[in-house]
$ cat structure26.txt   # compact mmCIF, N, CA and C atoms
# COMPACT_ATOMS: atom_id res chain seq x y z
N MET X 1 146.40 82.55 101.00
CA MET X 1 145.29 83.32 101.51
C MET X 1 145.57 84.79 101.23
N SER X 2 144.54 85.50 100.86
CA SER X 2 144.68 86.91 100.51
C SER X 2 143.69 87.72 101.34
N ASP X 3 144.02 88.99 101.55
CA ASP X 3 143.08 89.86 102.26
C ASP X 3 142.29 90.72 101.28
N GLU X 4 142.26 90.33 100.01
CA GLU X 4 141.54 91.06 98.98
C GLU X 4 140.03 90.99 99.22
N ILE X 5 139.37 92.13 99.06
CA ILE X 5 137.91 92.21 99.15
C ILE X 5 137.40 92.78 97.84
N ARG X 6 136.46 92.07 97.20
CA ARG X 6 135.92 92.53 95.93
C ARG X 6 134.41 92.71 96.05
N LEU X 7 133.88 93.71 95.35
CA LEU X 7 132.43 93.85 95.28
C LEU X 7 131.85 92.61 94.64
N SER X 8 130.75 92.13 95.17
CA SER X 8 130.15 90.92 94.64
C SER X 8 128.75 91.19 94.10
N VAL X 9 127.80 91.51 95.00
CA VAL X 9 126.42 91.65 94.58
C VAL X 9 125.69 92.55 95.58
N THR X 10 124.67 93.22 95.13
CA THR X 10 123.75 93.94 96.01
C THR X 10 122.57 93.03 96.28
N THR X 11 122.22 92.86 97.56
CA THR X 11 121.09 92.02 97.94
C THR X 11 119.99 92.91 98.49
N VAL X 12 118.79 92.72 97.98
CA VAL X 12 117.63 93.54 98.32
C VAL X 12 116.64 92.68 99.12
N ASN X 13 116.15 93.21 100.24
CA ASN X 13 115.12 92.51 101.02
C ASN X 13 113.80 92.55 100.28
N ALA X 14 113.00 91.49 100.47
CA ALA X 14 111.72 91.39 99.78
C ALA X 14 110.78 90.47 100.55
N PRO X 15 109.48 90.64 100.38
CA PRO X 15 108.54 89.70 100.99
C PRO X 15 108.58 88.34 100.27
N ASP X 16 108.92 88.34 98.98
CA ASP X 16 109.05 87.13 98.17
C ASP X 16 110.21 87.37 97.21
N ALA X 17 111.35 86.76 97.48
CA ALA X 17 112.56 87.01 96.70
C ALA X 17 112.38 86.67 95.23
N LEU X 18 111.77 85.53 94.93
CA LEU X 18 111.62 85.11 93.54
C LEU X 18 110.69 86.04 92.76
N ALA X 19 109.59 86.45 93.38
CA ALA X 19 108.66 87.35 92.70
C ALA X 19 109.34 88.67 92.34
N LEU X 20 110.15 89.20 93.24
CA LEU X 20 110.82 90.46 92.96
C LEU X 20 111.92 90.26 91.92
N ALA X 21 112.63 89.15 91.97
CA ALA X 21 113.63 88.85 90.94
C ALA X 21 112.99 88.74 89.57
N ILE X 22 111.83 88.12 89.49
CA ILE X 22 111.12 88.00 88.21
C ILE X 22 110.75 89.38 87.68
N PHE X 23 110.31 90.28 88.55
CA PHE X 23 109.99 91.64 88.12
C PHE X 23 111.23 92.30 87.50
N TYR X 24 112.37 92.26 88.21
CA TYR X 24 113.57 92.92 87.69
C TYR X 24 114.12 92.22 86.46
N ALA X 25 113.94 90.92 86.34
CA ALA X 25 114.35 90.22 85.12
C ALA X 25 113.51 90.70 83.93
N GLU X 26 112.22 90.85 84.15
CA GLU X 26 111.35 91.35 83.08
C GLU X 26 111.73 92.78 82.71
N LEU X 27 112.03 93.60 83.70
CA LEU X 27 112.40 94.99 83.47
C LEU X 27 113.69 95.11 82.68
N THR X 28 114.68 94.28 82.99
CA THR X 28 116.01 94.43 82.41
C THR X 28 116.36 93.42 81.32
N GLY X 29 115.51 92.45 81.10
CA GLY X 29 115.85 91.39 80.15
C GLY X 29 116.80 90.38 80.74
N GLY X 30 116.82 90.28 82.07
CA GLY X 30 117.73 89.36 82.74
C GLY X 30 117.16 87.97 82.91
N VAL X 31 117.92 87.13 83.59
CA VAL X 31 117.55 85.74 83.83
C VAL X 31 117.43 85.54 85.35
N THR X 32 116.35 84.89 85.78
CA THR X 32 116.07 84.67 87.19
C THR X 32 116.39 83.24 87.59
N LYS X 33 116.96 83.09 88.79
CA LYS X 33 117.18 81.77 89.39
C LYS X 33 116.86 81.90 90.87
N GLY X 34 116.40 80.79 91.48
CA GLY X 34 116.22 80.80 92.92
C GLY X 34 114.86 80.35 93.38
N SER X 35 114.52 80.78 94.59
CA SER X 35 113.27 80.41 95.23
C SER X 35 112.67 81.64 95.88
N GLU X 36 111.53 81.46 96.56
CA GLU X 36 110.90 82.60 97.25
C GLU X 36 111.76 83.11 98.39
N HIS X 37 112.73 82.32 98.84
CA HIS X 37 113.60 82.71 99.96
C HIS X 37 114.87 83.42 99.51
N TRP X 38 115.43 83.02 98.38
CA TRP X 38 116.68 83.61 97.86
C TRP X 38 116.65 83.48 96.34
N ALA X 39 116.79 84.58 95.66
CA ALA X 39 116.75 84.55 94.20
C ALA X 39 117.70 85.59 93.64
N THR X 40 118.07 85.38 92.39
CA THR X 40 118.96 86.32 91.71
C THR X 40 118.41 86.65 90.33
N VAL X 41 118.83 87.78 89.84
CA VAL X 41 118.59 88.13 88.45
C VAL X 41 119.92 88.60 87.88
N SER X 42 120.31 88.04 86.76
CA SER X 42 121.54 88.47 86.10
C SER X 42 121.18 88.87 84.68
N GLY X 43 121.86 89.89 84.22
CA GLY X 43 121.61 90.40 82.88
C GLY X 43 122.89 90.85 82.23
N PRO X 44 122.74 91.48 81.09
CA PRO X 44 123.93 91.87 80.34
C PRO X 44 124.80 92.91 81.05
N ASN X 45 124.24 93.64 82.02
CA ASN X 45 125.01 94.70 82.67
C ASN X 45 125.02 94.64 84.18
N GLY X 46 124.65 93.51 84.78
CA GLY X 46 124.66 93.46 86.22
C GLY X 46 124.04 92.22 86.81
N PHE X 47 124.05 92.18 88.14
CA PHE X 47 123.60 91.03 88.92
C PHE X 47 123.03 91.57 90.22
N ILE X 48 121.81 91.17 90.59
CA ILE X 48 121.17 91.58 91.84
C ILE X 48 120.64 90.33 92.53
N ALA X 49 120.75 90.29 93.85
CA ALA X 49 120.18 89.18 94.62
C ALA X 49 119.03 89.71 95.47
N PHE X 50 118.13 88.82 95.84
CA PHE X 50 116.97 89.17 96.66
C PHE X 50 116.83 88.13 97.75
N GLN X 51 116.55 88.59 98.98
CA GLN X 51 116.34 87.67 100.09
C GLN X 51 114.99 87.93 100.72
N GLN X 52 114.31 86.86 101.05
CA GLN X 52 112.99 86.95 101.66
C GLN X 52 113.15 87.36 103.12
N VAL X 53 112.33 88.31 103.55
CA VAL X 53 112.32 88.80 104.93
C VAL X 53 110.88 88.72 105.43
N ASP X 54 110.66 87.98 106.54
CA ASP X 54 109.31 87.77 107.05
C ASP X 54 108.58 89.06 107.41
N ASP X 55 109.27 89.98 108.08
CA ASP X 55 108.60 91.20 108.55
C ASP X 55 108.93 92.40 107.66
N PHE X 56 109.04 92.15 106.36
CA PHE X 56 109.39 93.20 105.40
C PHE X 56 108.39 94.36 105.46
N CYS X 57 108.90 95.58 105.52
CA CYS X 57 108.09 96.80 105.46
C CYS X 57 108.63 97.64 104.30
N PRO X 58 107.81 97.92 103.30
CA PRO X 58 108.32 98.71 102.18
C PRO X 58 108.65 100.13 102.60
N PRO X 59 109.68 100.72 101.99
CA PRO X 59 110.02 102.11 102.31
C PRO X 59 108.94 103.07 101.81
N VAL X 60 108.90 104.25 102.41
CA VAL X 60 107.95 105.28 102.02
C VAL X 60 108.72 106.37 101.27
N TRP X 61 108.24 106.74 100.10
CA TRP X 61 108.91 107.76 99.26
C TRP X 61 107.99 108.93 99.05
N PRO X 62 108.40 110.17 99.26
CA PRO X 62 109.46 110.48 100.21
C PRO X 62 108.90 110.36 101.60
N GLY X 63 109.69 110.18 102.56
CA GLY X 63 109.18 110.08 103.92
C GLY X 63 110.20 109.54 104.88
N ALA X 64 109.85 109.56 106.14
CA ALA X 64 110.77 109.12 107.18
C ALA X 64 110.21 107.97 108.01
N ASP X 65 108.91 107.63 107.86
CA ASP X 65 108.34 106.56 108.66
C ASP X 65 109.10 105.25 108.45
N VAL X 66 109.29 104.87 107.20
CA VAL X 66 110.12 103.74 106.81
C VAL X 66 111.03 104.28 105.72
N PRO X 67 112.19 104.83 106.11
CA PRO X 67 113.03 105.53 105.13
C PRO X 67 113.67 104.59 104.11
N MET X 68 113.83 105.12 102.91
CA MET X 68 114.54 104.40 101.87
C MET X 68 116.01 104.37 102.26
N GLN X 69 116.61 103.20 102.30
CA GLN X 69 118.02 103.09 102.67
C GLN X 69 118.92 102.90 101.47
N MET X 70 118.36 102.52 100.36
CA MET X 70 119.09 102.39 99.10
C MET X 70 118.07 102.37 97.98
N HIS X 71 118.55 102.63 96.77
CA HIS X 71 117.68 102.47 95.62
C HIS X 71 118.53 102.11 94.41
N LEU X 72 117.90 101.53 93.41
CA LEU X 72 118.58 101.14 92.18
C LEU X 72 118.33 102.20 91.12
N ASP X 73 119.35 102.51 90.35
CA ASP X 73 119.24 103.43 89.22
C ASP X 73 119.48 102.65 87.93
N PHE X 74 118.66 102.94 86.93
CA PHE X 74 118.82 102.31 85.62
C PHE X 74 118.94 103.40 84.57
N PHE X 75 120.00 103.33 83.77
CA PHE X 75 120.21 104.29 82.69
C PHE X 75 119.36 103.85 81.50
N VAL X 76 118.58 104.79 80.94
CA VAL X 76 117.69 104.49 79.82
C VAL X 76 117.83 105.56 78.75
N ASP X 77 117.39 105.24 77.55
CA ASP X 77 117.40 106.21 76.44
C ASP X 77 116.11 107.01 76.37
N ASP X 78 115.00 106.41 76.75
CA ASP X 78 113.68 107.02 76.56
C ASP X 78 112.86 106.84 77.83
N LEU X 79 112.65 107.93 78.57
CA LEU X 79 111.93 107.85 79.85
C LEU X 79 110.50 107.35 79.69
N GLU X 80 109.79 107.84 78.69
CA GLU X 80 108.38 107.45 78.53
C GLU X 80 108.24 105.98 78.14
N ALA X 81 109.04 105.52 77.18
CA ALA X 81 108.94 104.13 76.73
C ALA X 81 109.34 103.16 77.84
N THR X 82 110.44 103.44 78.52
CA THR X 82 110.87 102.53 79.59
C THR X 82 109.96 102.64 80.80
N GLY X 83 109.40 103.82 81.03
CA GLY X 83 108.43 103.97 82.12
C GLY X 83 107.19 103.12 81.87
N ALA X 84 106.71 103.14 80.64
CA ALA X 84 105.54 102.31 80.29
C ALA X 84 105.88 100.83 80.45
N ARG X 85 107.07 100.44 80.07
CA ARG X 85 107.50 99.05 80.23
C ARG X 85 107.57 98.67 81.71
N ALA X 86 108.08 99.58 82.56
CA ALA X 86 108.17 99.30 83.99
C ALA X 86 106.78 99.13 84.60
N VAL X 87 105.85 100.00 84.23
CA VAL X 87 104.48 99.91 84.75
C VAL X 87 103.82 98.62 84.27
N ALA X 88 104.03 98.25 83.02
CA ALA X 88 103.46 97.00 82.50
C ALA X 88 104.00 95.79 83.25
N ALA X 89 105.24 95.89 83.74
CA ALA X 89 105.85 94.78 84.48
C ALA X 89 105.39 94.73 85.94
N GLY X 90 104.73 95.81 86.41
CA GLY X 90 104.22 95.82 87.79
C GLY X 90 104.70 96.96 88.65
N ALA X 91 105.48 97.88 88.08
CA ALA X 91 105.97 99.04 88.85
C ALA X 91 104.86 100.07 88.98
N THR X 92 105.02 100.97 89.94
CA THR X 92 104.12 102.10 90.14
C THR X 92 104.93 103.38 90.02
N ARG X 93 104.48 104.31 89.18
CA ARG X 93 105.15 105.61 89.10
C ARG X 93 104.75 106.40 90.34
N LEU X 94 105.73 106.89 91.08
CA LEU X 94 105.46 107.60 92.32
C LEU X 94 105.11 109.06 92.06
N ASP X 95 104.33 109.65 92.97
CA ASP X 95 103.86 111.02 92.79
C ASP X 95 104.99 112.05 92.89
N PHE X 96 105.88 111.91 93.86
CA PHE X 96 106.95 112.88 94.06
C PHE X 96 108.07 112.60 93.07
N GLN X 97 108.33 113.55 92.19
CA GLN X 97 109.34 113.42 91.13
C GLN X 97 110.28 114.64 91.18
N PRO X 98 111.36 114.57 91.94
CA PRO X 98 112.21 115.75 92.12
C PRO X 98 113.06 116.12 90.90
N ASN X 99 113.27 115.22 89.96
CA ASN X 99 114.13 115.49 88.80
C ASN X 99 113.50 114.98 87.51
N SER X 100 112.23 115.27 87.31
CA SER X 100 111.48 114.65 86.22
C SER X 100 111.96 115.03 84.83
N ASP X 101 112.85 116.03 84.71
CA ASP X 101 113.38 116.36 83.39
C ASP X 101 114.33 115.27 82.87
N HIS X 102 114.94 114.50 83.79
CA HIS X 102 115.88 113.46 83.36
C HIS X 102 115.78 112.15 84.15
N CYS X 103 114.90 112.12 85.15
CA CYS X 103 114.84 110.94 86.02
C CYS X 103 113.43 110.78 86.56
N LEU X 104 112.89 109.58 86.43
CA LEU X 104 111.57 109.28 86.98
C LEU X 104 111.70 108.20 88.05
N VAL X 105 110.97 108.38 89.15
CA VAL X 105 111.03 107.47 90.29
C VAL X 105 109.80 106.57 90.27
N TYR X 106 110.05 105.27 90.40
CA TYR X 106 109.01 104.25 90.44
C TYR X 106 109.20 103.42 91.70
N ALA X 107 108.19 102.64 92.04
CA ALA X 107 108.32 101.64 93.10
C ALA X 107 108.15 100.27 92.46
N ASP X 108 109.00 99.32 92.86
CA ASP X 108 108.84 97.95 92.38
C ASP X 108 107.66 97.31 93.12
N PRO X 109 107.26 96.10 92.79
CA PRO X 109 106.10 95.49 93.44
C PRO X 109 106.24 95.33 94.96
N ALA X 110 107.46 95.33 95.49
CA ALA X 110 107.65 95.25 96.94
C ALA X 110 107.71 96.62 97.59
N GLY X 111 107.66 97.69 96.78
CA GLY X 111 107.66 99.05 97.32
C GLY X 111 108.99 99.77 97.30
N HIS X 112 110.06 99.11 96.82
CA HIS X 112 111.37 99.76 96.76
C HIS X 112 111.38 100.80 95.64
N PRO X 113 111.73 102.06 95.95
CA PRO X 113 111.89 103.04 94.89
C PRO X 113 113.08 102.69 93.99
N PHE X 114 112.94 102.94 92.70
CA PHE X 114 114.05 102.83 91.77
C PHE X 114 113.88 103.92 90.73
N CYS X 115 114.98 104.28 90.09
CA CYS X 115 114.96 105.39 89.13
C CYS X 115 115.28 104.91 87.73
N LEU X 116 114.56 105.47 86.77
CA LEU X 116 114.91 105.37 85.36
C LEU X 116 115.44 106.74 84.99
N SER X 117 116.65 106.79 84.46
CA SER X 117 117.30 108.08 84.25
C SER X 117 117.99 108.16 82.90
N THR X 118 117.89 109.33 82.27
CA THR X 118 118.62 109.58 81.03
C THR X 118 119.91 110.34 81.31
N TRP X 119 120.15 110.68 82.55
CA TRP X 119 121.34 111.44 82.91
C TRP X 119 122.52 110.50 83.07
N ASP X 120 123.56 110.76 82.30
CA ASP X 120 124.72 109.87 82.29
C ASP X 120 126.00 110.60 82.72
N GLY X 121 125.93 111.49 83.65
CA GLY X 121 127.15 112.14 84.08
C GLY X 121 126.85 113.21 85.10
N PRO X 122 127.78 113.83 85.73
CA PRO X 122 129.19 113.41 85.72
C PRO X 122 129.39 112.16 86.57
N HIS X 123 130.48 111.49 86.32
CA HIS X 123 130.80 110.27 87.05
C HIS X 123 131.88 110.55 88.07
N LEU X 124 131.81 109.87 89.18
CA LEU X 124 132.81 110.08 90.22
C LEU X 124 134.20 109.69 89.74
N ASP X 125 134.29 108.71 88.84
CA ASP X 125 135.62 108.33 88.35
C ASP X 125 136.20 109.37 87.40
N ASP X 126 135.40 110.37 87.01
CA ASP X 126 135.89 111.50 86.21
C ASP X 126 136.47 112.60 87.09
N GLU X 127 136.23 112.51 88.40
CA GLU X 127 136.70 113.53 89.33
C GLU X 127 138.19 113.31 89.62
N PRO X 128 138.94 114.41 89.78
CA PRO X 128 140.36 114.24 90.13
C PRO X 128 140.49 113.68 91.54
N ASP X 129 141.52 112.86 91.74
CA ASP X 129 141.79 112.31 93.07
C ASP X 129 142.25 113.43 93.98
N GLU X 130 141.83 113.36 95.24
CA GLU X 130 142.24 114.37 96.23
C GLU X 130 143.50 113.97 96.93
$ encode --input "structure26.txt" --output "structure tokens"
Amino acid sequence: MSDEIRLSVTTVNAPDALALAIFYAELTGGVTKGSEHWATVSGPNGFIAFQQVDDFCPPVWPGADVPMQMHLDFFVDDLEATGARAVAAGATRLDFQPNSDHCLVYADPAGHPFCLSTWDGPHLDDEPDE
């Protein structure tokens, strides 16, 4: 027996887990498995799980009524092309864009904000240890 703890997966609440997994699979080119209660999407660079929540309330961006508690970031080469692809898959480009020179904020079909970003640095692992 070991006391090792390893990162496994990020699980996102959703009104329909499978529907949201299908959206992210289409967005990333991943593969979806599961049901409306629990679903996953895996792709060449990651794995996300989704769980169905009966009283799901989408976060408000920006806002405090239902605050965003987490969001997903996706590194892209072309903001306009990937933004169009996200909208075609069912995303909504949000009005408030605090870093539109390198990052655009969208909402997935369940209302979770996510970012498409061309900014690839600096990374925390590039920082010296304290």
$ select_by_dssp --input "structure26.txt" --residues "stretch 26-108 of chain X" --states "strand (DSSP E or B)" --output "PDB file with N, CA and C atoms, in the frame of the given file"
ATOM      1  N   VAL X  31     117.920  87.130  83.590  1.00  0.00           N
ATOM      2  CA  VAL X  31     117.550  85.740  83.830  1.00  0.00           C
ATOM      3  C   VAL X  31     117.430  85.540  85.350  1.00  0.00           C
ATOM      4  N   THR X  32     116.350  84.890  85.780  1.00  0.00           N
ATOM      5  CA  THR X  32     116.070  84.670  87.190  1.00  0.00           C
ATOM      6  C   THR X  32     116.390  83.240  87.590  1.00  0.00           C
ATOM      7  N   LYS X  33     116.960  83.090  88.790  1.00  0.00           N
ATOM      8  CA  LYS X  33     117.180  81.770  89.390  1.00  0.00           C
ATOM      9  C   LYS X  33     116.860  81.900  90.870  1.00  0.00           C
ATOM     10  N   GLY X  34     116.400  80.790  91.480  1.00  0.00           N
ATOM     11  CA  GLY X  34     116.220  80.800  92.920  1.00  0.00           C
ATOM     12  C   GLY X  34     114.860  80.350  93.380  1.00  0.00           C
ATOM     13  N   TRP X  38     115.430  83.020  98.380  1.00  0.00           N
ATOM     14  CA  TRP X  38     116.680  83.610  97.860  1.00  0.00           C
ATOM     15  C   TRP X  38     116.650  83.480  96.340  1.00  0.00           C
ATOM     16  N   ALA X  39     116.790  84.580  95.660  1.00  0.00           N
ATOM     17  CA  ALA X  39     116.750  84.550  94.200  1.00  0.00           C
ATOM     18  C   ALA X  39     117.700  85.590  93.640  1.00  0.00           C
ATOM     19  N   THR X  40     118.070  85.380  92.390  1.00  0.00           N
ATOM     20  CA  THR X  40     118.960  86.320  91.710  1.00  0.00           C
ATOM     21  C   THR X  40     118.410  86.650  90.330  1.00  0.00           C
ATOM     22  N   VAL X  41     118.830  87.780  89.840  1.00  0.00           N
ATOM     23  CA  VAL X  41     118.590  88.130  88.450  1.00  0.00           C
ATOM     24  C   VAL X  41     119.920  88.600  87.880  1.00  0.00           C
ATOM     25  N   SER X  42     120.310  88.040  86.760  1.00  0.00           N
ATOM     26  CA  SER X  42     121.540  88.470  86.100  1.00  0.00           C
ATOM     27  C   SER X  42     121.180  88.870  84.680  1.00  0.00           C
ATOM     28  N   GLY X  43     121.860  89.890  84.220  1.00  0.00           N
ATOM     29  CA  GLY X  43     121.610  90.400  82.880  1.00  0.00           C
ATOM     30  C   GLY X  43     122.890  90.850  82.230  1.00  0.00           C
ATOM     31  N   GLY X  46     124.650  93.510  84.780  1.00  0.00           N
ATOM     32  CA  GLY X  46     124.660  93.460  86.220  1.00  0.00           C
ATOM     33  C   GLY X  46     124.040  92.220  86.810  1.00  0.00           C
ATOM     34  N   PHE X  47     124.050  92.180  88.140  1.00  0.00           N
ATOM     35  CA  PHE X  47     123.600  91.030  88.920  1.00  0.00           C
ATOM     36  C   PHE X  47     123.030  91.570  90.220  1.00  0.00           C
ATOM     37  N   ILE X  48     121.810  91.170  90.590  1.00  0.00           N
ATOM     38  CA  ILE X  48     121.170  91.580  91.840  1.00  0.00           C
ATOM     39  C   ILE X  48     120.640  90.330  92.530  1.00  0.00           C
ATOM     40  N   ALA X  49     120.750  90.290  93.850  1.00  0.00           N
ATOM     41  CA  ALA X  49     120.180  89.180  94.620  1.00  0.00           C
ATOM     42  C   ALA X  49     119.030  89.710  95.470  1.00  0.00           C
ATOM     43  N   PHE X  50     118.130  88.820  95.840  1.00  0.00           N
ATOM     44  CA  PHE X  50     116.970  89.170  96.660  1.00  0.00           C
ATOM     45  C   PHE X  50     116.830  88.130  97.750  1.00  0.00           C
ATOM     46  N   GLN X  51     116.550  88.590  98.980  1.00  0.00           N
ATOM     47  CA  GLN X  51     116.340  87.670 100.090  1.00  0.00           C
ATOM     48  C   GLN X  51     114.990  87.930 100.720  1.00  0.00           C
ATOM     49  N   GLN X  52     114.310  86.860 101.050  1.00  0.00           N
ATOM     50  CA  GLN X  52     112.990  86.950 101.660  1.00  0.00           C
ATOM     51  C   GLN X  52     113.150  87.360 103.120  1.00  0.00           C
ATOM     52  N   LEU X  72     117.900 101.530  93.410  1.00  0.00           N
ATOM     53  CA  LEU X  72     118.580 101.140  92.180  1.00  0.00           C
ATOM     54  C   LEU X  72     118.330 102.200  91.120  1.00  0.00           C
ATOM     55  N   ASP X  73     119.350 102.510  90.350  1.00  0.00           N
ATOM     56  CA  ASP X  73     119.240 103.430  89.220  1.00  0.00           C
ATOM     57  C   ASP X  73     119.480 102.650  87.930  1.00  0.00           C
ATOM     58  N   PHE X  74     118.660 102.940  86.930  1.00  0.00           N
ATOM     59  CA  PHE X  74     118.820 102.310  85.620  1.00  0.00           C
ATOM     60  C   PHE X  74     118.940 103.400  84.570  1.00  0.00           C
ATOM     61  N   PHE X  75     120.000 103.330  83.770  1.00  0.00           N
ATOM     62  CA  PHE X  75     120.210 104.290  82.690  1.00  0.00           C
ATOM     63  C   PHE X  75     119.360 103.850  81.500  1.00  0.00           C
ATOM     64  N   THR X  92     105.020 100.970  89.940  1.00  0.00           N
ATOM     65  CA  THR X  92     104.120 102.100  90.140  1.00  0.00           C
ATOM     66  C   THR X  92     104.930 103.380  90.020  1.00  0.00           C
ATOM     67  N   ARG X  93     104.480 104.310  89.180  1.00  0.00           N
ATOM     68  CA  ARG X  93     105.150 105.610  89.100  1.00  0.00           C
ATOM     69  C   ARG X  93     104.750 106.400  90.340  1.00  0.00           C
ATOM     70  N   CYS X 103     114.900 112.120  85.150  1.00  0.00           N
ATOM     71  CA  CYS X 103     114.840 110.940  86.020  1.00  0.00           C
ATOM     72  C   CYS X 103     113.430 110.780  86.560  1.00  0.00           C
ATOM     73  N   LEU X 104     112.890 109.580  86.430  1.00  0.00           N
ATOM     74  CA  LEU X 104     111.570 109.280  86.980  1.00  0.00           C
ATOM     75  C   LEU X 104     111.700 108.200  88.050  1.00  0.00           C
ATOM     76  N   VAL X 105     110.970 108.380  89.150  1.00  0.00           N
ATOM     77  CA  VAL X 105     111.030 107.470  90.290  1.00  0.00           C
ATOM     78  C   VAL X 105     109.800 106.570  90.270  1.00  0.00           C
ATOM     79  N   TYR X 106     110.050 105.270  90.400  1.00  0.00           N
ATOM     80  CA  TYR X 106     109.010 104.250  90.440  1.00  0.00           C
ATOM     81  C   TYR X 106     109.200 103.420  91.700  1.00  0.00           C
ATOM     82  N   ALA X 107     108.190 102.640  92.040  1.00  0.00           N
ATOM     83  CA  ALA X 107     108.320 101.640  93.100  1.00  0.00           C
ATOM     84  C   ALA X 107     108.150 100.270  92.460  1.00  0.00           C
TER      85      ALA X 107
END
$ residues_near_point --input "structure26.txt" --point "(104.8, 99.4, 92.5)" --cutoff "5 Å" --atoms "all atoms listed in the file" --output "list in words"
Gly90, Ala91, Thr92, Ala107, Asp108 and Pro109 of chain X
$ select_by_dssp --input "structure26.txt" --residues "stretch 51-119 of chain X" --states "helix (DSSP H, G or I)" --output "list of chain:residue names"
X:Leu79, X:Glu80, X:Ala81, X:Thr82, X:Gly83, X:Ala84, X:Arg85, X:Ala86, X:Val87, X:Ala88, X:Ala89
$ atom_distance --input "structure26.txt" --atom1 "atom CA of X:Thr11" --atom2 "atom CA of X:Leu116"
19.4 Å
$ atom_distance --input "structure26.txt" --atom1 "atom N of X:Glu26" --atom2 "atom C of X:Phe75"
15.1 Å
$ residues_around --input "structure26.txt" --residues "X:Val66" --least-positions-apart "4" --cutoff "12 Å" --atoms "only C-alpha atoms" --output "list in words"
Phe56, Cys57, Pro58, Pro59, Val60, Trp61, Pro62, Met70, Gly111 and His112 of chain X
$ axis_aligned_box --input "structure26.txt" --around "stretch 19-37 of chain X" --padding-each-side "6 Å" --output "JSON"
{"center_x": 113.3, "center_y": 87.7, "center_z": 90.1, "size_x": 21.3, "size_y": 26.8, "size_z": 31.8}
$ atom_distance --input "structure26.txt" --atom1 "atom CA of X:Leu18" --atom2 "atom CA of X:Trp38"
6.8 Å
$ residues_around --input "structure26.txt" --residues "stretch 44-51 of chain X" --least-positions-apart "6" --cutoff "10 Å" --atoms "only C-alpha atoms" --output "JSON, numbers by chain"
{"X": [8, 9, 10, 11, 12, 13, 14, 15, 16, 17, 18, 19, 20, 21, 24, 25, 28, 29, 30, 31, 32, 33, 34, 35, 36, 37, 38, 72]}
$ closest_residue --input "structure26.txt" --among "X:Met1, X:Asp73, X:Leu79, X:Val105" --to "X:Arg93" --atoms "only N, CA and C atoms"
X:Val105
$ closest_residue --input "structure26.txt" --among "X:Gly83, X:Leu7, X:Ala39, X:Phe96" --to "X:Ile22" --atoms "only C-alpha atoms"
X:Ala39
$ residues_around --input "structure26.txt" --residues "X:Thr118" --least-positions-apart "6" --cutoff "9 Å" --atoms "only C-alpha atoms" --output "ChimeraX atom specification"
/X:74-79,101-103
